[in-house]
$ cat input_3.cif   # mmCIF, C-alpha atoms
data_work
loop_
_atom_site.label_atom_id
_atom_site.label_comp_id
_atom_site.auth_asym_id
_atom_site.auth_seq_id
_atom_site.Cartn_x
_atom_site.Cartn_y
_atom_site.Cartn_z
CA MET A 1 0.00 0.00 0.00
CA THR A 2 1.32 3.46 -0.90
CA PRO A 3 2.14 5.34 2.32
CA PRO A 4 0.13 8.50 3.05
CA VAL A 5 1.92 11.85 3.30
CA PHE A 6 1.17 14.59 5.79
CA LEU A 7 1.58 18.35 5.99
CA ASN A 8 2.93 18.33 9.53
CA HIS A 9 3.87 21.97 10.06
CA LEU A 10 3.08 25.28 8.32
CA GLY A 11 4.83 28.64 8.11
CA VAL A 12 3.06 31.43 6.24
CA VAL A 13 3.35 35.13 5.51
CA CYS A 14 1.13 37.11 3.13
CA ALA A 15 -1.00 40.24 2.95
CA LEU A 16 -3.28 38.74 5.62
CA GLY A 17 -0.48 38.61 8.17
CA HIS A 18 2.43 36.71 9.61
CA GLY A 19 1.97 33.23 11.07
CA THR A 20 -0.95 30.81 11.24
CA THR A 21 -2.83 32.55 14.07
CA GLU A 22 -2.77 35.99 12.49
CA VAL A 23 -3.55 34.73 8.99
CA ALA A 24 -6.45 32.58 10.21
CA GLN A 25 -7.96 35.48 12.13
CA ALA A 26 -7.96 37.63 9.00
CA LEU A 27 -9.01 34.79 6.68
CA PHE A 28 -12.16 33.94 8.63
CA GLY A 29 -12.99 37.52 9.59
CA THR A 30 -16.24 39.28 8.77
CA GLN A 31 -14.58 42.17 6.93
CA PRO A 32 -12.25 41.93 3.90
CA THR A 33 -8.63 42.78 4.65
CA GLY A 34 -5.22 42.10 3.13
CA VAL A 35 -5.37 43.54 -0.39
CA ALA A 36 -5.07 47.34 -0.33
CA PRO A 37 -4.33 50.26 -2.71
CA SER A 38 -0.67 51.02 -3.44
CA PRO A 39 1.12 53.49 -5.75
CA ASP A 40 4.39 51.53 -5.64
CA PHE A 41 4.13 49.12 -8.56
CA ALA A 42 2.63 51.03 -11.48
CA SER A 43 2.05 54.53 -12.82
CA ARG A 44 -1.39 54.45 -11.19
CA VAL A 45 -2.71 53.31 -7.84
CA LEU A 46 -3.61 49.60 -7.86
CA HIS A 47 -4.91 47.21 -5.24
CA VAL A 48 -2.19 44.67 -4.38
CA GLY A 49 -1.60 42.02 -1.74
CA GLN A 50 1.51 43.49 -0.14
CA VAL A 51 3.25 42.13 2.95
CA THR A 52 3.70 45.03 5.36
CA SER A 53 5.07 43.21 8.41
CA PRO A 54 8.85 43.05 8.98
CA LEU A 55 10.66 40.19 7.24
CA VAL A 56 13.59 38.08 8.37
CA ALA A 57 16.85 39.70 7.27
CA THR A 58 18.88 38.06 4.51
CA ASP A 59 22.25 39.32 5.81
CA ALA A 60 23.38 35.77 6.60
CA LEU A 61 22.98 34.79 2.94
CA PRO A 62 25.65 35.32 0.26
CA VAL A 63 24.99 38.46 -1.80
CA HIS A 64 23.75 36.45 -4.78
CA LEU A 65 20.97 34.95 -2.63
CA ARG A 66 19.75 38.18 -1.03
CA SER A 67 16.30 39.17 -2.27
CA ARG A 68 12.84 40.06 -0.98
CA ASN A 69 11.69 36.74 -2.37
CA ASN A 70 14.11 34.90 -0.12
CA ALA A 71 13.29 37.18 2.82
CA LEU A 72 9.64 36.10 2.51
CA LEU A 73 10.81 32.49 2.37
CA LEU A 74 13.02 32.82 5.45
CA THR A 75 10.17 34.49 7.32
CA ALA A 76 7.96 31.47 6.66
CA LEU A 77 10.85 29.12 7.54
CA ALA A 78 11.41 30.79 10.92
CA GLN A 79 7.91 29.69 11.98
CA VAL A 80 8.67 26.00 11.37
CA ARG A 81 12.42 26.04 12.04
CA PRO A 82 12.31 23.92 15.23
CA ALA A 83 10.39 21.17 13.42
CA VAL A 84 12.72 21.36 10.42
CA ASP A 85 15.81 21.14 12.64
CA GLU A 86 14.32 18.12 14.39
CA ALA A 87 13.69 16.44 11.02
CA LEU A 88 17.28 17.09 9.93
CA LEU A 89 18.55 15.57 13.16
CA ARG A 90 16.19 12.60 12.98
CA TYR A 91 16.58 11.66 9.31
CA GLY A 92 19.94 13.21 8.42
CA PRO A 93 20.56 15.98 5.86
CA GLN A 94 20.82 13.47 2.98
CA ARG A 95 17.25 12.28 3.58
CA VAL A 96 15.66 15.75 3.64
CA ALA A 97 14.64 17.40 0.36
CA VAL A 98 13.63 20.91 -0.70
CA VAL A 99 11.01 21.47 -3.42
CA LEU A 100 9.73 25.01 -3.97
CA GLY A 101 7.77 27.07 -6.48
CA THR A 102 8.36 30.65 -7.61
CA SER A 103 7.97 32.87 -10.65
CA THR A 104 9.65 36.18 -9.81
CA SER A 105 12.62 35.11 -7.70
CA GLY A 106 14.80 38.26 -7.50
CA ILE A 107 13.43 40.31 -10.40
CA GLY A 108 12.61 43.13 -7.98
CA GLU A 109 16.30 43.45 -7.11
CA SER A 110 17.15 43.77 -10.81
CA GLU A 111 14.52 46.50 -11.20
CA ALA A 112 16.04 48.49 -8.35
CA ALA A 113 19.57 48.02 -9.70
CA ILE A 114 18.59 49.24 -13.16
CA LYS A 115 17.12 52.42 -11.64
CA VAL A 116 20.39 53.06 -9.82
CA ARG A 117 22.34 52.53 -13.04
CA GLU A 118 20.08 54.96 -14.90
CA ALA A 119 20.75 57.60 -12.24
CA THR A 120 24.48 57.01 -11.64
CA GLY A 121 25.79 55.03 -14.57
CA GLU A 122 26.81 52.17 -12.28
CA LEU A 123 25.10 49.12 -10.87
CA PRO A 124 25.00 49.10 -7.04
CA ALA A 125 27.66 47.07 -5.27
CA HIS A 126 25.08 44.89 -3.51
CA PHE A 127 23.53 43.74 -6.79
CA ASP A 128 24.26 40.34 -8.30
CA VAL A 129 22.39 39.18 -11.40
CA ARG A 130 22.16 35.70 -9.88
CA GLN A 131 19.62 37.12 -7.41
CA GLN A 132 16.96 36.63 -10.08
CA GLU A 133 17.81 33.02 -10.89
CA LEU A 134 14.79 30.78 -10.41
CA GLY A 135 16.77 28.27 -8.36
CA SER A 136 17.63 30.91 -5.76
CA PRO A 137 14.97 29.95 -3.16
CA ALA A 138 16.17 26.36 -2.94
CA LEU A 139 19.80 27.50 -2.74
CA ALA A 140 18.87 29.88 0.08
CA LEU A 141 17.27 27.13 2.16
CA ASN A 142 20.20 24.82 1.45
CA HIS A 143 22.60 27.49 2.66
CA VAL A 144 20.66 28.11 5.87
CA LEU A 145 19.77 24.51 6.71
CA GLY A 146 22.55 22.36 5.22
CA VAL A 147 20.10 20.13 3.36
CA LYS A 148 21.82 17.45 1.27
CA GLY A 149 18.85 15.70 -0.33
CA PRO A 150 17.24 16.58 -3.69
CA SER A 151 16.72 20.33 -3.90
CA PHE A 152 15.09 22.26 -6.72
CA VAL A 153 12.56 24.88 -7.79
CA ILE A 154 9.56 24.41 -10.08
CA SER A 155 8.50 27.41 -12.15
CA THR A 156 5.30 26.86 -14.12
CA ALA A 157 3.73 30.26 -13.45
CA CYS A 158 0.68 30.11 -11.18
CA SER A 159 0.76 26.33 -10.70
CA SER A 160 4.40 26.29 -9.53
CA SER A 161 4.06 25.67 -5.82
CA ALA A 162 1.01 23.43 -6.14
CA LYS A 163 3.24 21.26 -8.31
CA SER A 164 5.99 21.53 -5.71
CA LEU A 165 3.70 19.91 -3.12
CA ALA A 166 2.77 17.15 -5.56
CA THR A 167 6.45 16.56 -6.34
CA ALA A 168 7.31 16.49 -2.63
CA ALA A 169 4.67 13.80 -2.11
CA ARG A 170 6.19 11.72 -4.89
CA LEU A 171 9.66 11.98 -3.31
CA LEU A 172 8.24 10.68 -0.03
CA ARG A 173 6.14 7.91 -1.56
CA SER A 174 9.04 6.68 -3.67
CA GLY A 175 11.35 6.54 -0.65
CA ILE A 176 13.80 9.08 -2.07
CA ALA A 177 13.32 11.33 0.96
CA ASP A 178 11.98 11.02 4.50
CA ALA A 179 11.06 14.69 4.89
CA VAL A 180 10.53 17.49 2.40
CA ILE A 181 10.48 21.23 2.98
CA THR A 182 8.02 22.34 0.34
CA GLY A 183 5.95 25.36 -0.66
CA GLY A 184 6.71 28.56 -2.51
CA ALA A 185 7.47 32.25 -2.42
CA ASP A 186 6.89 35.19 -4.72
CA ALA A 187 7.57 38.90 -4.24
CA LEU A 188 5.74 41.87 -5.70
CA CYS A 189 7.55 43.75 -8.44
CA ALA A 190 6.65 46.25 -11.15
CA PHE A 191 7.73 43.84 -13.90
CA THR A 192 5.00 41.35 -13.03
CA VAL A 193 2.33 44.00 -12.62
CA ALA A 194 3.26 45.53 -15.99
CA GLY A 195 3.06 42.14 -17.67
CA PHE A 196 -0.46 41.45 -16.48
CA ALA A 197 -1.49 45.06 -17.16
CA SER A 198 -0.37 44.64 -20.78
CA LEU A 199 -2.94 41.84 -21.06
CA ASP A 200 -5.66 44.10 -19.59
CA SER A 201 -5.88 41.63 -16.71
CA VAL A 202 -5.22 43.91 -13.71
CA SER A 203 -8.03 45.40 -11.64
CA GLU A 204 -7.50 48.78 -10.01
CA ALA A 205 -10.02 47.91 -7.27
CA ARG A 206 -10.18 44.81 -5.08
CA CYS A 207 -10.72 41.90 -7.46
CA ASN A 208 -14.27 40.63 -7.89
CA PRO A 209 -14.24 36.89 -8.77
CA MET A 210 -17.34 35.36 -10.36
CA SER A 211 -19.06 38.75 -10.66
CA VAL A 212 -20.54 40.04 -13.89
CA HIS A 213 -18.43 43.13 -13.14
CA ARG A 214 -15.10 41.29 -12.73
CA ARG A 215 -12.22 43.16 -14.36
CA GLY A 216 -9.08 41.23 -13.50
CA ILE A 217 -6.62 40.32 -10.78
CA ASN A 218 -4.75 41.93 -7.93
CA ILE A 219 -1.09 40.87 -7.80
CA GLY A 220 0.14 39.76 -4.38
CA GLU A 221 3.19 38.39 -2.61
CA GLY A 222 3.85 35.90 0.12
CA ALA A 223 5.39 32.61 1.13
CA ALA A 224 4.11 29.33 2.54
CA LEU A 225 6.31 26.46 3.70
CA PHE A 226 5.27 23.01 4.86
CA LEU A 227 7.27 20.26 6.47
CA MET A 228 5.89 17.17 4.72
CA THR A 229 6.63 13.65 5.95
CA ARG A 230 5.10 10.19 6.15
CA GLU A 231 4.63 10.69 9.90
CA PRO A 232 0.98 11.39 10.88
CA GLY A 233 0.14 15.06 11.17
CA PRO A 234 -2.90 17.36 11.30
CA VAL A 235 -3.49 17.47 7.53
CA ARG A 236 -2.95 14.86 4.83
CA LEU A 237 -2.14 15.56 1.18
CA ALA A 238 -4.60 12.95 0.03
CA GLY A 239 -4.37 13.49 -3.72
CA TRP A 240 -3.17 15.70 -6.51
CA GLY A 241 -3.77 16.04 -10.21
CA GLU A 242 -1.86 17.76 -12.99
CA SER A 243 -2.73 18.41 -16.62
CA SER A 244 -1.86 20.58 -19.59
CA ASP A 245 -4.41 22.37 -21.77
CA ALA A 246 -2.09 22.67 -24.81
CA HIS A 247 -4.52 25.41 -25.87
CA HIS A 248 -3.03 28.92 -25.64
CA LEU A 249 -0.09 30.76 -24.09
CA SER A 250 -2.15 32.99 -21.81
CA ALA A 251 -5.79 31.85 -22.11
CA PRO A 252 -7.33 28.72 -20.55
CA GLU A 253 -9.20 26.14 -22.59
CA PRO A 254 -12.74 27.65 -22.52
CA GLY A 255 -14.54 24.47 -21.57
CA GLY A 256 -12.29 23.80 -18.58
CA ARG A 257 -11.30 20.35 -19.83
CA GLY A 258 -7.74 20.57 -18.48
CA ALA A 259 -8.97 21.89 -15.13
CA LEU A 260 -11.47 19.05 -14.98
CA VAL A 261 -8.74 16.45 -15.59
CA ALA A 262 -6.58 17.89 -12.80
CA MET A 263 -9.43 17.93 -10.26
CA ARG A 264 -10.72 14.49 -11.21
CA THR A 265 -7.21 13.00 -11.02
CA ALA A 266 -6.68 14.45 -7.53
CA MET A 267 -9.94 12.92 -6.34
CA GLU A 268 -9.30 9.56 -7.98
CA ARG A 269 -5.81 9.38 -6.48
CA ALA A 270 -7.35 9.95 -3.05
CA GLY A 271 -10.22 7.54 -3.67
CA VAL A 272 -12.92 10.13 -2.88
CA THR A 273 -16.15 11.10 -4.59
CA ALA A 274 -17.79 14.47 -5.13
CA ALA A 275 -19.88 13.91 -1.99
CA ASP A 276 -16.69 13.76 0.12
CA VAL A 277 -15.42 17.23 -0.90
CA GLY A 278 -16.61 19.81 1.63
CA TYR A 279 -15.00 22.97 0.23
CA VAL A 280 -13.23 24.19 -2.90
CA ASN A 281 -10.62 26.94 -2.89
CA LEU A 282 -11.08 28.29 -6.40
CA HIS A 283 -8.23 29.58 -8.52
CA GLY A 284 -10.71 32.46 -8.87
CA THR A 285 -8.58 35.16 -10.49
CA ALA A 286 -11.56 37.40 -11.41
CA THR A 287 -10.50 37.43 -15.05
CA PRO A 288 -13.35 36.82 -17.51
CA GLN A 289 -11.92 33.65 -19.03
CA ASN A 290 -10.60 31.94 -15.90
CA ASP A 291 -13.77 32.34 -13.89
CA ALA A 292 -15.89 31.14 -16.80
CA MET A 293 -13.97 27.94 -17.44
CA GLU A 294 -13.37 27.15 -13.75
CA SER A 295 -17.00 27.55 -12.72
CA ARG A 296 -18.03 25.22 -15.55
CA ALA A 297 -15.43 22.63 -14.57
CA VAL A 298 -16.33 22.72 -10.86
CA ALA A 299 -20.06 22.52 -11.55
CA SER A 300 -19.51 19.63 -13.96
CA LEU A 301 -17.43 17.58 -11.51
CA LEU A 302 -18.82 18.51 -8.11
CA GLY A 303 -22.22 20.03 -8.77
CA GLN A 304 -23.36 23.45 -7.62
CA ALA A 305 -23.93 22.80 -3.91
CA VAL A 306 -20.34 22.38 -2.65
CA PRO A 307 -19.12 25.52 -0.81
CA CYS A 308 -16.57 27.46 -2.90
CA SER A 309 -14.60 30.66 -2.56
CA SER A 310 -11.68 32.52 -4.04
CA THR A 311 -9.28 33.90 -1.45
CA LYS A 312 -7.48 36.16 -3.93
CA PRO A 313 -9.53 39.25 -2.92
CA LEU A 314 -7.71 38.88 0.43
CA THR A 315 -4.18 37.79 -0.53
CA GLY A 316 -3.93 38.93 -4.13
CA HIS A 317 -2.68 36.51 -6.74
CA THR A 318 0.71 35.44 -5.44
CA LEU A 319 1.64 33.78 -8.74
CA GLY A 320 4.29 31.09 -8.17
CA ALA A 321 3.46 31.03 -4.45
CA ALA A 322 -0.32 30.85 -4.97
CA GLY A 323 -0.65 27.06 -4.93
CA ALA A 324 1.23 26.72 -1.64
CA LEU A 325 -0.39 29.77 -0.05
CA GLU A 326 -3.88 28.59 -0.90
CA ALA A 327 -3.00 25.09 0.31
CA ALA A 328 -1.96 26.85 3.54
CA LEU A 329 -5.39 28.51 3.76
CA CYS A 330 -6.97 25.09 3.22
CA TRP A 331 -4.70 23.70 5.98
CA LEU A 332 -6.07 26.40 8.30
CA THR A 333 -9.61 25.48 7.23
CA LEU A 334 -9.06 21.79 7.99
CA THR A 335 -7.57 22.54 11.41
CA ASP A 336 -10.24 25.05 12.48
CA ALA A 337 -12.29 23.46 15.28
CA HIS A 338 -15.42 25.42 14.34
CA GLY A 339 -15.33 24.40 10.68
CA ARG A 340 -15.16 27.99 9.49
CA LEU A 341 -14.84 28.40 5.73
CA PRO A 342 -12.96 31.18 3.89
CA PRO A 343 -15.56 33.69 2.66
CA HIS A 344 -15.91 34.71 -0.97
CA TRP A 345 -15.59 38.50 -1.08
CA TRP A 346 -17.34 40.03 -4.08
CA ASP A 347 -20.14 42.44 -4.99
CA GLY A 348 -22.77 39.71 -5.15
CA GLU A 349 -23.65 40.51 -8.77
CA ALA A 350 -23.52 37.06 -10.36
CA ASP A 351 -22.63 36.61 -14.01
CA PRO A 352 -25.72 34.98 -15.56
CA GLU A 353 -23.49 33.27 -18.13
CA LEU A 354 -21.76 31.20 -15.43
CA PRO A 355 -23.00 28.24 -13.37
CA ALA A 356 -24.22 29.47 -9.99
CA LEU A 357 -21.69 28.04 -7.53
CA ALA A 358 -22.35 27.96 -3.77
CA LEU A 359 -20.07 30.88 -2.91
CA VAL A 360 -19.25 31.04 0.81
CA LYS A 361 -20.82 33.93 2.72
CA PRO A 362 -18.89 35.70 5.51
CA GLY A 363 -19.27 33.98 8.87
CA THR A 364 -20.09 30.56 7.43
CA ALA A 365 -19.12 27.69 9.75
CA LEU A 366 -19.93 23.99 9.43
CA GLY A 367 -19.53 23.26 13.15
CA ARG A 368 -16.72 20.82 12.35
CA PRO A 369 -13.90 20.78 9.79
CA PRO A 370 -14.73 19.37 6.35
CA ARG A 371 -13.22 15.95 5.62
CA TYR A 372 -11.67 17.00 2.33
CA VAL A 373 -10.99 20.31 0.58
CA LEU A 374 -9.86 20.89 -2.99
CA SER A 375 -7.49 23.68 -4.03
CA ASN A 376 -7.14 24.71 -7.68
CA SER A 377 -4.21 26.36 -9.47
CA PHE A 378 -4.43 27.09 -13.19
CA ALA A 379 -1.50 28.75 -14.92
CA PHE A 380 -0.46 30.42 -18.15
CA GLY A 381 0.32 27.91 -20.85
CA GLY A 382 -2.48 25.67 -19.60
CA SER A 383 -0.46 24.24 -16.70
CA ASN A 384 -3.07 22.97 -14.25
CA ALA A 385 -2.76 21.53 -10.76
CA ALA A 386 -5.29 20.53 -8.13
CA LEU A 387 -4.53 19.48 -4.55
CA LEU A 388 -6.90 17.47 -2.37
CA LEU A 389 -6.22 17.92 1.33
CA GLY A 390 -7.90 15.91 4.07
CA THR A 391 -8.08 15.73 7.83
CA ALA A 392 -5.68 13.24 9.33
#

$ encode --input "input_3.cif" --output "structure tokens"
Amino acid sequence: MTPPVFLNHLGVVCALGHGTTEVAQALFGTQPTGVAPSPDFASRVLHVGQVTSPLVATDALPVHLRSRNNALLLTALAQVRPAVDEALLRYGPQRVAVVLGTSTSGIGESEAAIKVREATGELPAHFDVRQQELGSPALALNHVLGVKGPSFVISTACSSSAKSLATAARLLRSGIADAVITGGADALCAFTVAGFASLDSVSEARCNPMSVHRRGINIGEGAALFLMTREPGPVRLAGWGESSDAHHLSAPEPGGRGALVAMRTAMERAGVTAADVGYVNLHGTATPQNDAMESRAVASLLGQAVPCSSTKPLTGHTLGAAGALEAALCWLTLTDAHGRLPPHWWDGEADPELPALALVKPGTALGRPPRYVLSNSFAFGGSNAALLLGTA
């Protein structure tokens, strides 16, 4: 029998706060928080999911590993460091792996360096082009922790860190590792905002998923790290599914066929039916095409009665970190004694062209945690991933 894998410990930082207690309080609150207006990332004021709390310093890292992206990562790591150190001692550094997801890495540092060069003619002394290498987050954790097992970064846009959790599970199930530090990090930068703005996909106001008035996403930043092992823990990664649309570089397949494959595969791997799924964390970007295809796929597979919400109006879309961050919000949902569900913040003006999903209202609580929750991540290029998390 294939051994189960567990998400034993969680460290998280995002626009909702720092640490599981603070993030949960904001997540289940009765007023929307997190995403807020900022003039810092574009020529106009945009709503973004910016981390405003202090981050762990990167001074202990070599210059080429110093970035805001890695500061977010180290901030999440600090919350689970005792458990990680215990795993390293118990299993040995060779039996501990690192699998992370990101999309920006240190692009923000390159932006700042280019501005200095424009003003002075010289790049700043603290800049190193390797700061923006995609492998930087894994190298940073290796440097801090002394991990000797497999260590790498997955970068498939918005499905990156969901795929990192699936990959971590495969390392454990195959016996290649006994513990995996897995998750993702992404930092806000003007480059990313400009890219989505060029596609007319950025909303100036708080994003409005599933509404007839939806106008696009809010970009966010954050990090979520799990210690995953085969040892029983509070939450189990029961299943995962991955697929590729092979449809378009930046648009999803309109019928949601790839999304449907990913969700169905996750459920089949876990051996659960639609009746077992108690909540769905939607990818829910509030772009016209994503919401249309995802609502059709969810309704087709699970029906229209399962509670659903998008948490991106609270955190922003954290891109390469989104899969891990939203898995973290599902982890908090599964460990909440009252069975509170993340609310779906929107204007309540449903798009009549979309299936009417059961969008979670603020203050909703089941009285007990759901048995299983599904978390969706659908990326550019049609890279899809779905994670099914369950109570232990």

$ closest_atom_pairs --input "input_3.cif" --of "stretch 319-388 of chain A" --to "stretch 63-85 of chain A" --cutoff "12 Å" --atoms "only C-alpha atoms" --output "tab-separated table"
residue	atom	partner	partner_atom	distance
A:Gly320	CA	A:Asn69	CA	11.0
A:Ala321	CA	A:Leu73	CA	10.1
A:Ala324	CA	A:Ala76	CA	11.7
A:Leu325	CA	A:Ala76	CA	10.8
A:Ala328	CA	A:Ala76	CA	11.4

$ closest_residue --input "input_3.cif" --among "A:Leu171, A:Ala337, A:Val45, A:Val153" --to "A:Arg95" --atoms "all atoms listed in the file"
A:Leu171

$ closest_residue --input "input_3.cif" --among "A:Val13, A:Ala327, A:Ala365, A:Met293" --to "A:Asp245" --atoms "all atoms listed in the file"
A:Met293

$ atom_distance --input "input_3.cif" --atom1 "atom CA of A:Ser203" --atom2 "atom CA of A:Ser300"
28.3 Å

$ closest_residue --input "input_3.cif" --among "A:Glu122, A:Glu86, A:Glu109, A:Asp186" --to "A:Leu319" --atoms "only C-alpha atoms"
A:Asp186

$ closest_residue --input "input_3.cif" --among "A:Ser375, A:Asn8, A:Ser103, A:Thr167" --to "A:Thr229" --atoms "only C-alpha atoms"
A:Asn8

$ resolve_selection --input "input_3.cif" --expression "the PyMOL selection byres ((chain A and resi 36) around 7)" --output "PDB file with C-alpha atoms, in the coordinates of the input"
ATOM      1  CA  GLY A  34      -5.220  42.100   3.130  1.00  0.00           C
ATOM      2  CA  VAL A  35      -5.370  43.540  -0.390  1.00  0.00           C
ATOM      3  CA  PRO A  37      -4.330  50.260  -2.710  1.00  0.00           C
ATOM      4  CA  SER A  38      -0.670  51.020  -3.440  1.00  0.00           C
ATOM      5  CA  HIS A  47      -4.910  47.210  -5.240  1.00  0.00           C
ATOM      6  CA  VAL A  48      -2.190  44.670  -4.380  1.00  0.00           C
ATOM      7  CA  GLY A  49      -1.600  42.020  -1.740  1.00  0.00           C
TER       8      GLY A  49
END

$ resolve_selection --input "input_3.cif" --expression "the PyMOL selection byres ((chain A and resi 221) around 7)" --output "number ranges by chain"
A: 14, 49-51, 186-188, 220, 222, 318

$ write_last_selection --input "input_3.cif" --atoms "C-alpha atoms" --output "compact mmCIF listing (two decimals), keeping the file's coordinate frame"
# COMPACT_ATOMS: atom_id res chain seq x y z
CA CYS A 14 1.13 37.11 3.13
CA GLY A 49 -1.60 42.02 -1.74
CA GLN A 50 1.51 43.49 -0.14
CA VAL A 51 3.25 42.13 2.95
CA ASP A 186 6.89 35.19 -4.72
CA ALA A 187 7.57 38.90 -4.24
CA LEU A 188 5.74 41.87 -5.70
CA GLY A 220 0.14 39.76 -4.38
CA GLY A 222 3.85 35.90 0.12
CA THR A 318 0.71 35.44 -5.44

$ residues_around --input "input_3.cif" --residues "A:Ala87" --least-positions-apart "4" --cutoff "8 Å" --atoms "all atoms listed in the file" --output "list in words"
Ala83, Tyr91, Gly92, Val96 and Ala179 of chain A

$ resolve_selection --input "input_3.cif" --expression "the PyMOL selection byres ((chain A and resi 344-354) around 7)" --output "PyMOL selection string"
chain A and resi 32+208-212+292+295+309-311+313+342-343+355-356+359-361

$ residues_around --input "input_3.cif" --residues "A:Leu100" --least-positions-apart "5" --cutoff "8 Å" --atoms "only C-alpha atoms" --output "list in words"
Pro137, Ala138, Phe152, Val153, Ile154, Ser160, Ser161, Ser164, Leu165, Ile181, Thr182, Gly183, Gly184 and Ala185 of chain A

$ atom_distance --input "input_3.cif" --atom1 "atom CA of A:Glu294" --atom2 "atom CA of A:Leu374"
12.9 Å

$ closest_residue --input "input_3.cif" --among "A:Val116, A:Ala24, A:Ala379, A:Leu10" --to "A:Ala251" --atoms "all atoms listed in the file"
A:Ala379

$ residues_around --input "input_3.cif" --residues "A:Ala385" --least-positions-apart "5" --cutoff "6 Å" --atoms "all atoms listed in the file" --output "ChimeraX atom specification"
/A:159,241-242,262,377

$ build_atoms --input "input_3.cif" --residues "stretch 27-40 of chain A" --atoms "N, CA and C atoms" --output "mmCIF file, in the frame of the given file"
data_model
loop_
_atom_site.group_PDB
_atom_site.id
_atom_site.type_symbol
_atom_site.label_atom_id
_atom_site.label_comp_id
_atom_site.auth_asym_id
_atom_site.auth_seq_id
_atom_site.Cartn_x
_atom_site.Cartn_y
_atom_site.Cartn_z
ATOM 1 N N LEU A 27 -8.354 35.613 7.709
ATOM 2 C CA LEU A 27 -9.010 34.790 6.680
ATOM 3 C C LEU A 27 -10.479 34.578 7.001
ATOM 4 N N PHE A 28 -10.790 34.264 8.249
ATOM 5 C CA PHE A 28 -12.160 33.940 8.630
ATOM 6 C C PHE A 28 -12.933 35.138 9.168
ATOM 7 N N GLY A 29 -12.350 36.316 9.066
ATOM 8 C CA GLY A 29 -12.990 37.520 9.590
ATOM 9 C C GLY A 29 -14.236 37.913 8.814
ATOM 10 N N THR A 30 -14.976 38.848 9.375
ATOM 11 C CA THR A 30 -16.240 39.280 8.770
ATOM 12 C C THR A 30 -16.090 40.549 7.949
ATOM 13 N N GLN A 31 -14.856 41.030 7.798
ATOM 14 C CA GLN A 31 -14.580 42.170 6.930
ATOM 15 C C GLN A 31 -13.373 41.833 6.048
ATOM 16 N N PRO A 32 -13.415 42.219 4.766
ATOM 17 C CA PRO A 32 -12.250 41.930 3.900
ATOM 18 C C PRO A 32 -11.046 42.753 4.303
ATOM 19 N N THR A 33 -9.882 42.119 4.299
ATOM 20 C CA THR A 33 -8.630 42.780 4.650
ATOM 21 C C THR A 33 -7.565 42.318 3.676
ATOM 22 N N GLY A 34 -6.303 42.576 3.988
ATOM 23 C CA GLY A 34 -5.220 42.100 3.130
ATOM 24 C C GLY A 34 -4.954 43.022 1.960
ATOM 25 N N VAL A 35 -5.565 42.748 0.826
ATOM 26 C CA VAL A 35 -5.370 43.540 -0.390
ATOM 27 C C VAL A 35 -5.729 45.007 -0.114
ATOM 28 N N ALA A 36 -4.875 45.916 -0.594
ATOM 29 C CA ALA A 36 -5.070 47.340 -0.330
ATOM 30 C C ALA A 36 -4.459 48.157 -1.466
ATOM 31 N N PRO A 37 -4.890 49.430 -1.635
ATOM 32 C CA PRO A 37 -4.330 50.260 -2.710
ATOM 33 C C PRO A 37 -2.872 50.620 -2.449
ATOM 34 N N SER A 38 -2.095 50.657 -3.526
ATOM 35 C CA SER A 38 -0.670 51.020 -3.440
ATOM 36 C C SER A 38 -0.241 51.744 -4.705
ATOM 37 N N PRO A 39 0.578 52.792 -4.573
ATOM 38 C CA PRO A 39 1.120 53.490 -5.750
ATOM 39 C C PRO A 39 2.492 52.980 -6.161
ATOM 40 N N ASP A 40 2.979 51.900 -5.538
ATOM 41 C CA ASP A 40 4.390 51.530 -5.640
ATOM 42 C C ASP A 40 4.760 50.667 -6.844
#
